[in-house]
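Novice: Handing you a structure now.
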Amino acid sequence: MIKEDNFITPIPTRWIGPIHIKGADGRLDQEVSVPLATYESPLWPSTARGAKISRLCSGINCTVIDDRMTRSVALRSKTAAEAHEAWQSIVARENELNDIVQSTSQYAKLVDLNHQIVGNLLYIRFEFTTGDASGHNMVTKAADALLSWILANYNQLEYSSISGNFCTDKKVSAVNGILGRGKYVIAEINIPRDICEKNLRTTPEKIVQLNIEKNLMGGIIAGSLRSANAHFANMLLAFYLATGQDAANIIEGSQGFVHCEVRGDALYFSVTLPNLIMGSVGNGKSIPNIEDILNKLGCLNHDVQSGDNARRLAIICAAVVLCGELSLMAAQTNPKELMRSHLLMERQENK
């Protein structure tokens, strides 16, 4: 008899790699094994193949471009003019706003504000740094305090919502990729032709052509929004589940791009992930198994206020995505290889 309030769903998890990862700031240059939790068993050997490529080459270079978490509030006024006037006053008082934010958390800091006015509606998007936490609850708490302050100081504004969808949380949108939400990380690798041909069974030219015809043109005709990739979501979900992340954030997290070029006699291959929402502390991270995994990944070593642990985790995640994306794209340059590999691997897993 299953007790509904105490039922645990097991997810098969394996460590793959190691992956040779380099951080652009020079603080990371090592081989890291990573856990992937998934029911799609071919993902393990496929991502492991990409990890092998990272060791054969000079590693995967990862750069954190930006780091912020957002929450938007919605307010209403009588006219657009009143909403605009209120916004101009609010944005001029950013120092006061930051004092309010820091009274709600020792980790949250206000770094920017953006707005949209639609008719008589004012949407304000607050952008924060949140230390090592992904920051969902932290920024909502801060936004709630800011909203109370705004309503107390601007009589022409009325409450509409604490979350006005201009955030945007767990939904497909353009705004997160443009303004940023979470960690913006780029992972890059240079693969010599001989390694491409021997270990990926393809050529730099074939992968570049596939990226244009599948990810770019295919994505355009499908109407994809800020996405040009083969299967970022597969690696993201497996890594998110294994490290205690809010898995619903793969919705915006999987909006990203593959960019590759033939450079001389080598393949330049990169993945860009503008919306990696993840943390090394917070909900889900105190589970003993998850805590042990984060410790093995070296993501519990720094002061939680600095955000270095969470950024390291995001760098590792981006490298994982590159490994899985590279391997799948290489397979898809060859007719029948993808299906043949899936059937073989799943048959072995089910023995």
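Residue numbers start at 1 in each chain; chains themselves are named A, B, ... in the order of the structure tokens; ligands are numbered from 1 in the order shown.
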Kindly provide the residues of region 151-208 of chain A that approach region 101-125 of chain A to within 9 Å, each paired with its closest atom pair and their distance in Å to one decimal, based on only C-alpha atoms, listed by chain and increasing number, as CSV.
Specialist:
residue,atom,partner,partner_atom,distance
A:Leu157,CA,A:Leu122,CA,8.6
A:Ser160,CA,A:Leu121,CA,8.7
A:Gly164,CA,A:Tyr123,CA,6.7
A:Asn165,CA,A:Tyr123,CA,8.8
A:Phe166,CA,A:Arg125,CA,6.4
A:Cys167,CA,A:Arg125,CA,6.2
A:Leu179,CA,A:Asn114,CA,8.7
Novice: Those selected residues, please, written with N, CA and C atoms and delivered as an mmCIF file, in the first residue's frame.
Specialist:
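In the end it all went to out.cif:
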data_model
loop_
_atom_site.group_PDB
_atom_site.id
_atom_site.type_symbol
_atom_site.label_atom_id
_atom_site.label_comp_id
_atom_site.auth_asym_id
_atom_site.auth_seq_id
_atom_site.Cartn_x
_atom_site.Cartn_y
_atom_site.Cartn_z
ATOM 1 N N LEU A 157 -1.212 54.973 -7.495
ATOM 2 C CA LEU A 157 -1.037 53.575 -7.907
ATOM 3 C C LEU A 157 -1.826 52.646 -6.997
ATOM 4 N N SER A 160 -2.058 45.432 -8.286
ATOM 5 C CA SER A 160 -2.629 44.490 -9.246
ATOM 6 C C SER A 160 -2.129 43.082 -8.950
ATOM 7 N N GLY A 164 3.780 40.019 -11.978
ATOM 8 C CA GLY A 164 3.053 40.517 -13.135
ATOM 9 C C GLY A 164 3.398 39.881 -14.466
ATOM 10 N N ASN A 165 4.132 38.748 -14.448
ATOM 11 C CA ASN A 165 4.491 38.008 -15.672
ATOM 12 C C ASN A 165 5.535 38.701 -16.535
ATOM 13 N N PHE A 166 6.024 39.844 -16.107
ATOM 14 C CA PHE A 166 7.132 40.506 -16.807
ATOM 15 C C PHE A 166 8.449 40.019 -16.209
ATOM 16 N N CYS A 167 8.374 38.963 -15.374
ATOM 17 C CA CYS A 167 9.573 38.451 -14.677
ATOM 18 C C CYS A 167 10.593 37.798 -15.626
ATOM 19 N N LEU A 179 16.920 40.737 -21.200
ATOM 20 C CA LEU A 179 17.293 41.462 -19.992
ATOM 21 C C LEU A 179 18.048 40.601 -18.982
#
Novice: Apply DSSP to the backbone of this structure and, from region 52-298 of chain A, keep only the residues in strand (DSSP E or B); write these as a ChimeraX atom specification.
Specialist: /A:60-76,109-118,121-129,133,158-161,182-192,228,257-263,266-276,281
Novice: Counting only C-alpha atoms, which residue out of A:Glu31, A:Glu40, A:Glu96, A:Asp169 sits closest to Ile277 (chain A)?
Specialist: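 Among the listed residues, A:Asp169 lies closest to Ile277 (chain A).
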Novice: Residues at most 12 Å from Asp303 (chain A), counting only C-alpha atoms, excluding those fewer than 3 positions away in the same chain, as a list in words?
Specialist: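 Everything that qualifies: Tyr107, Gly131, Asp132, Ala133, Ser280, Val281, Cys299, Leu300, Ser306, Gly307, Asp308, Asn309 and Ala310 of chain A.
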Novice: Print the selection's residues with C-alpha atoms to a file, as a compact mmCIF listing (two decimals), in the first residue's frame.
Specialist:
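And here is the file that came out, again32.txt:
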# COMPACT_ATOMS: atom_id res chain seq x y z
CA TYR A 107 21.99 38.22 0.33
CA GLY A 131 24.22 34.99 -3.60
CA ASP A 132 24.27 31.21 -3.95
CA ALA A 133 20.47 30.86 -3.95
CA SER A 280 23.61 25.66 -4.39
CA VAL A 281 21.50 26.60 -1.33
CA CYS A 299 29.82 23.83 -5.07
CA LEU A 300 29.76 24.19 -1.29
CA SER A 306 29.50 35.68 -2.90
CA GLY A 307 27.51 33.53 -5.33
CA ASP A 308 30.68 31.68 -6.40
CA ASN A 309 29.23 28.24 -5.58
CA ALA A 310 26.14 28.80 -7.72
Novice: Can you tell me which residues surround Asp292 (chain A) at a distance of at most 12 Å, considering only C-alpha atoms, apart from same-chain residues fewer than 4 positions away, and format the answer as a list of chain:residue names?
Specialist: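 My list of contacting residues is A:Pro35, A:Ala242, A:Thr243, A:Gly244, A:Ser280, A:Lys285, A:Ser286, A:Ile287, A:Pro288, A:Lys296, A:Leu297, A:Gly298, A:Cys299, A:Leu300.
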Novice: Please list as a PyMOL selection string every residue within 9 Å of Ala318 (chain A), counting only C-alpha atoms and excluding residues in the same chain fewer than 4 positions away.
Specialist: chain A and resi 62+185-187+236+271-273+276+313-314+322-323
